[in-house]
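Student: Please find one structure pasted underneath; my questions will follow.
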Amino acid sequence: MKTVLVVDDSAMMRKIVIKNLKDCGFDIQVAEAADGKEGLARFSAGGIDLVISDWNMPNMDGLTMVKEIRKVDPERKVGIIMVTTEGSADRVKEAIVAGANNYLAKPFTPERFKEKLSKFLAT
Ligand SMILES: [Mg+2]
């Protein structure tokens, strides 16, 4: 069973992401963090297989967290997906350069969500 870390300062958004994960039927367990700092700490504690993260958060934003995670995981073994309203090519590119594997634009449909997540979580 894989463990997915959901990082978002909005509890409602975390709930939506987790509901979508469960609705997809992936065999996973979920960990949550409310900002990048908390997310990095949870990631560093170990056992995380995939990170789904918001971009704009207090204390540490998603982009900074991605950079910090890749210092801990330079071989990029763990997948990172950014959930963002920042649809511009530049910001997406910045996230990919920083070490994110993919991005999911808000708002997303269950179909879009499943399509993006399947390559990381389908067994
Ligand atoms: Mg946010």
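All residue names refer to the structure tokens as shown: chains lettered A, B, ... in order, residues numbered from 1 in each chain, ligands numbered from 1 in order.
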Please extract the residues at most 8 Å from ligand 1, counting only C-alpha atoms and all ligand atoms, and provide them as a ChimeraX atom specification, using the chain letters and residue numbers of this document.

Tutor: /A:8-10,54-58

Student: Just the helix (DSSP H, G or I) stuff from stretch 50-119 of chain A, please, per backbone DSSP, written as a PyMOL selection string.

Tutor: chain A and resi 62-72+89-98+110-119

Student: Would you put the residues from that selection into a file with N, CA and C atoms, as a PDB file, in the first residue's frame?

Tutor:
```
ATOM      1  N   GLY A  62       4.574  25.857  -1.764  1.00  0.00           N
ATOM      2  CA  GLY A  62       4.747  24.552  -2.390  1.00  0.00           C
ATOM      3  C   GLY A  62       6.021  24.432  -3.208  1.00  0.00           C
ATOM      4  N   LEU A  63       6.373  25.501  -3.919  1.00  0.00           N
ATOM      5  CA  LEU A  63       7.574  25.468  -4.754  1.00  0.00           C
ATOM      6  C   LEU A  63       8.835  25.287  -3.896  1.00  0.00           C
ATOM      7  N   THR A  64       8.899  26.042  -2.800  1.00  0.00           N
ATOM      8  CA  THR A  64      10.039  25.911  -1.882  1.00  0.00           C
ATOM      9  C   THR A  64      10.081  24.506  -1.288  1.00  0.00           C
ATOM     10  N   MET A  65       8.913  23.976  -0.933  1.00  0.00           N
ATOM     11  CA  MET A  65       8.872  22.629  -0.368  1.00  0.00           C
ATOM     12  C   MET A  65       9.390  21.595  -1.368  1.00  0.00           C
ATOM     13  N   VAL A  66       9.003  21.753  -2.640  1.00  0.00           N
ATOM     14  CA  VAL A  66       9.486  20.830  -3.679  1.00  0.00           C
ATOM     15  C   VAL A  66      11.016  20.850  -3.724  1.00  0.00           C
ATOM     16  N   LYS A  67      11.598  22.044  -3.703  1.00  0.00           N
ATOM     17  CA  LYS A  67      13.059  22.167  -3.734  1.00  0.00           C
ATOM     18  C   LYS A  67      13.700  21.489  -2.519  1.00  0.00           C
ATOM     19  N   GLU A  68      13.084  21.686  -1.357  1.00  0.00           N
ATOM     20  CA  GLU A  68      13.609  21.083  -0.124  1.00  0.00           C
ATOM     21  C   GLU A  68      13.474  19.560  -0.154  1.00  0.00           C
ATOM     22  N   ILE A  69      12.351  19.072  -0.676  1.00  0.00           N
ATOM     23  CA  ILE A  69      12.149  17.618  -0.775  1.00  0.00           C
ATOM     24  C   ILE A  69      13.197  17.004  -1.688  1.00  0.00           C
ATOM     25  N   ARG A  70      13.515  17.692  -2.779  1.00  0.00           N
ATOM     26  CA  ARG A  70      14.507  17.127  -3.711  1.00  0.00           C
ATOM     27  C   ARG A  70      15.919  17.151  -3.153  1.00  0.00           C
ATOM     28  N   LYS A  71      16.152  17.959  -2.115  1.00  0.00           N
ATOM     29  CA  LYS A  71      17.447  17.893  -1.433  1.00  0.00           C
ATOM     30  C   LYS A  71      17.522  16.588  -0.629  1.00  0.00           C
ATOM     31  N   VAL A  72      16.376  16.182  -0.083  1.00  0.00           N
ATOM     32  CA  VAL A  72      16.295  14.940   0.694  1.00  0.00           C
ATOM     33  C   VAL A  72      16.205  13.739  -0.256  1.00  0.00           C
ATOM     34  N   ALA A  89       2.300  28.729 -18.274  1.00  0.00           N
ATOM     35  CA  ALA A  89       3.376  27.809 -18.641  1.00  0.00           C
ATOM     36  C   ALA A  89       4.640  28.072 -17.826  1.00  0.00           C
ATOM     37  N   ASP A  90       4.913  29.338 -17.533  1.00  0.00           N
ATOM     38  CA  ASP A  90       6.127  29.687 -16.795  1.00  0.00           C
ATOM     39  C   ASP A  90       6.160  29.091 -15.401  1.00  0.00           C
ATOM     40  N   ARG A  91       5.014  29.187 -14.705  1.00  0.00           N
ATOM     41  CA  ARG A  91       4.992  28.682 -13.332  1.00  0.00           C
ATOM     42  C   ARG A  91       5.052  27.160 -13.302  1.00  0.00           C
ATOM     43  N   VAL A  92       4.370  26.553 -14.267  1.00  0.00           N
ATOM     44  CA  VAL A  92       4.407  25.094 -14.350  1.00  0.00           C
ATOM     45  C   VAL A  92       5.836  24.643 -14.620  1.00  0.00           C
ATOM     46  N   LYS A  93       6.489  25.338 -15.525  1.00  0.00           N
ATOM     47  CA  LYS A  93       7.874  25.036 -15.886  1.00  0.00           C
ATOM     48  C   LYS A  93       8.786  25.178 -14.665  1.00  0.00           C
ATOM     49  N   GLU A  94       8.550  26.234 -13.903  1.00  0.00           N
ATOM     50  CA  GLU A  94       9.334  26.485 -12.697  1.00  0.00           C
ATOM     51  C   GLU A  94       9.199  25.322 -11.702  1.00  0.00           C
ATOM     52  N   ALA A  95       7.974  24.826 -11.568  1.00  0.00           N
ATOM     53  CA  ALA A  95       7.729  23.703 -10.659  1.00  0.00           C
ATOM     54  C   ALA A  95       8.417  22.434 -11.157  1.00  0.00           C
ATOM     55  N   ILE A  96       8.384  22.214 -12.465  1.00  0.00           N
ATOM     56  CA  ILE A  96       9.010  21.014 -13.046  1.00  0.00           C
ATOM     57  C   ILE A  96      10.535  21.092 -12.870  1.00  0.00           C
ATOM     58  N   VAL A  97      11.088  22.274 -13.124  1.00  0.00           N
ATOM     59  CA  VAL A  97      12.535  22.470 -12.950  1.00  0.00           C
ATOM     60  C   VAL A  97      12.926  22.233 -11.485  1.00  0.00           C
ATOM     61  N   ALA A  98      12.063  22.669 -10.567  1.00  0.00           N
ATOM     62  CA  ALA A  98      12.337  22.510  -9.133  1.00  0.00           C
ATOM     63  C   ALA A  98      12.242  21.052  -8.694  1.00  0.00           C
ATOM     64  N   PRO A 110     -13.082  14.726 -11.755  1.00  0.00           N
ATOM     65  CA  PRO A 110     -12.631  13.414 -11.277  1.00  0.00           C
ATOM     66  C   PRO A 110     -11.856  12.648 -12.360  1.00  0.00           C
ATOM     67  N   GLU A 111     -12.267  12.825 -13.617  1.00  0.00           N
ATOM     68  CA  GLU A 111     -11.595  12.136 -14.738  1.00  0.00           C
ATOM     69  C   GLU A 111     -10.159  12.647 -14.914  1.00  0.00           C
ATOM     70  N   ARG A 112     -10.034  13.961 -14.857  1.00  0.00           N
ATOM     71  CA  ARG A 112      -8.710  14.594 -15.001  1.00  0.00           C
ATOM     72  C   ARG A 112      -7.810  14.182 -13.838  1.00  0.00           C
ATOM     73  N   PHE A 113      -8.386  14.159 -12.661  1.00  0.00           N
ATOM     74  CA  PHE A 113      -7.650  13.783 -11.457  1.00  0.00           C
ATOM     75  C   PHE A 113      -7.106  12.356 -11.606  1.00  0.00           C
ATOM     76  N   LYS A 114      -7.996  11.448 -12.006  1.00  0.00           N
ATOM     77  CA  LYS A 114      -7.606  10.047 -12.137  1.00  0.00           C
ATOM     78  C   LYS A 114      -6.525   9.859 -13.204  1.00  0.00           C
ATOM     79  N   GLU A 115      -6.691  10.582 -14.301  1.00  0.00           N
ATOM     80  CA  GLU A 115      -5.724  10.503 -15.408  1.00  0.00           C
ATOM     81  C   GLU A 115      -4.323  10.919 -14.932  1.00  0.00           C
ATOM     82  N   LYS A 116      -4.260  12.025 -14.185  1.00  0.00           N
ATOM     83  CA  LYS A 116      -2.965  12.525 -13.702  1.00  0.00           C
ATOM     84  C   LYS A 116      -2.340  11.603 -12.652  1.00  0.00           C
ATOM     85  N   LEU A 117      -3.196  10.996 -11.806  1.00  0.00           N
ATOM     86  CA  LEU A 117      -2.686  10.219 -10.676  1.00  0.00           C
ATOM     87  C   LEU A 117      -2.399   8.765 -11.012  1.00  0.00           C
ATOM     88  N   SER A 118      -3.047   8.261 -12.050  1.00  0.00           N
ATOM     89  CA  SER A 118      -2.965   6.832 -12.352  1.00  0.00           C
ATOM     90  C   SER A 118      -1.540   6.339 -12.568  1.00  0.00           C
ATOM     91  N   LYS A 119      -0.732   7.138 -13.249  1.00  0.00           N
ATOM     92  CA  LYS A 119       0.626   6.643 -13.544  1.00  0.00           C
ATOM     93  C   LYS A 119       1.484   6.563 -12.298  1.00  0.00           C
TER      94      LYS A 119
END
```

Student: Please provide the set of residues having any atom within 6 Å of stretch 76-88 of chain A, restricted to only C-alpha atoms, with same-chain residues fewer than 2 positions apart removed, written as a list in words.

Tutor: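 In the requested format, the answer is Asp49, Leu50, Val51, Ile52, Ser53, Asp54, Trp55, Asp73, Pro74, Asp90, Arg91, Ala100, Asn101, Asn102, Tyr103, Leu104, Ala105 and Lys106 of chain A.
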
Student: Counting only C-alpha atoms, which residue out of A:Ile48, A:Met60, A:Met13, A:Ala122 sits closest to A:Ala31?

Tutor: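 So, comparing all the options, the nearest one is A:Ile48.
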
Student: Determine, counting only C-alpha atoms, which protein, DNA and RNA residues have an atom within 6 Å of an atom of A:Glu32; residues of the same chain fewer than 2 positions away are not included. Present the result as a list in words.

Tutor: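 Selected residues are Leu5, Val6 and Val7 of chain A.
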
Student: Store the residues of this selection in a file with N, CA and C atoms, as a PDB file, in the first residue's frame.

Tutor:
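Everything below was put into selection01.pdb:
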```pdb
ATOM      1  N   LEU A   5       1.057  11.872   0.573  1.00  0.00           N
ATOM      2  CA  LEU A   5       1.058  13.050   1.438  1.00  0.00           C
ATOM      3  C   LEU A   5       0.348  14.197   0.722  1.00  0.00           C
ATOM      4  N   VAL A   6      -0.738  14.671   1.322  1.00  0.00           N
ATOM      5  CA  VAL A   6      -1.531  15.763   0.747  1.00  0.00           C
ATOM      6  C   VAL A   6      -1.215  17.039   1.528  1.00  0.00           C
ATOM      7  N   VAL A   7      -0.644  18.025   0.833  1.00  0.00           N
ATOM      8  CA  VAL A   7      -0.215  19.269   1.484  1.00  0.00           C
ATOM      9  C   VAL A   7      -1.023  20.442   0.940  1.00  0.00           C
TER      10      VAL A   7
END
```

Student: Can you work out which one of A:Lys22, A:Gly99, A:Asn59, A:Arg14 has the shortest atom-to-atom distance to A:Asp35, counting only C-alpha atoms?

Tutor: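 Ranking A:Lys22, A:Gly99, A:Asn59, A:Arg14 by distance to A:Asp35, first place goes to A:Asn59.
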
Student: Using only C-alpha atoms, which protein or nucleic acid residues come within 10 Å of A:Thr123? Drop anything in the same chain fewer than 3 positions from it, and give the result as a ChimeraX atom specification.

Tutor: /A:1-2,26-27,118-120

Student: Kindly export the residues of the current selection with N, CA and C atoms, as a short mmCIF file (atom, residue, chain, number, x, y, z; two decimals), in the first residue's frame.

Tutor:
```cif
data_model
loop_
_atom_site.label_atom_id
_atom_site.label_comp_id
_atom_site.auth_asym_id
_atom_site.auth_seq_id
_atom_site.Cartn_x
_atom_site.Cartn_y
_atom_site.Cartn_z
N MET A 1 0.84 -1.20 0.00
CA MET A 1 0.00 0.00 0.00
C MET A 1 0.88 1.25 0.00
N LYS A 2 0.55 2.18 -0.88
CA LYS A 2 1.34 3.40 -0.96
C LYS A 2 0.78 4.48 -0.03
N PHE A 26 -7.71 3.79 -5.55
CA PHE A 26 -6.31 3.46 -5.36
C PHE A 26 -6.11 2.82 -3.99
N ASP A 27 -5.17 1.86 -3.93
CA ASP A 27 -4.87 1.18 -2.67
C ASP A 27 -3.84 2.01 -1.91
N SER A 118 -3.05 8.26 -12.05
CA SER A 118 -2.97 6.83 -12.35
C SER A 118 -1.54 6.34 -12.57
N LYS A 119 -0.73 7.14 -13.25
CA LYS A 119 0.63 6.64 -13.54
C LYS A 119 1.48 6.56 -12.30
N PHE A 120 1.04 7.23 -11.23
CA PHE A 120 1.80 7.16 -9.98
C PHE A 120 1.23 6.12 -9.02
#
```

Student: Between A:Thr109, A:Leu121, A:Gly39, A:Ala45, which has the minimum distance to A:Val17 (counting only C-alpha atoms)?

Tutor: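 The closest residue to A:Val17 is A:Thr109.
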
Student: Interatomic distance between atom CA of A:Asp61 and atom CA of A:Gly25?

Tutor: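 Rounded to one decimal, the two atoms are 29.3 Å apart.
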
Student: Could you jot down the atom CA of A:Met12 to atom CA of A:Phe43 separation for me, Å, one decimal place?

Tutor: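 Computing the Euclidean distance for atom CA of A:Met12 and atom CA of A:Phe43 yields 21.2 Å.
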
Student: I need the residues in stretch 32-108 of chain A that are strand (DSSP E or B) according to DSSP; give them as a VMD selection string.

Tutor: chain A and resid 32 to 33 50 to 54 79 to 84 102 to 105

Student: Go ahead and compute the interatomic distance for atom CA of A:Glu75 and atom CA of A:Ile18, in Å to one decimal.

Tutor: 26.6 Å
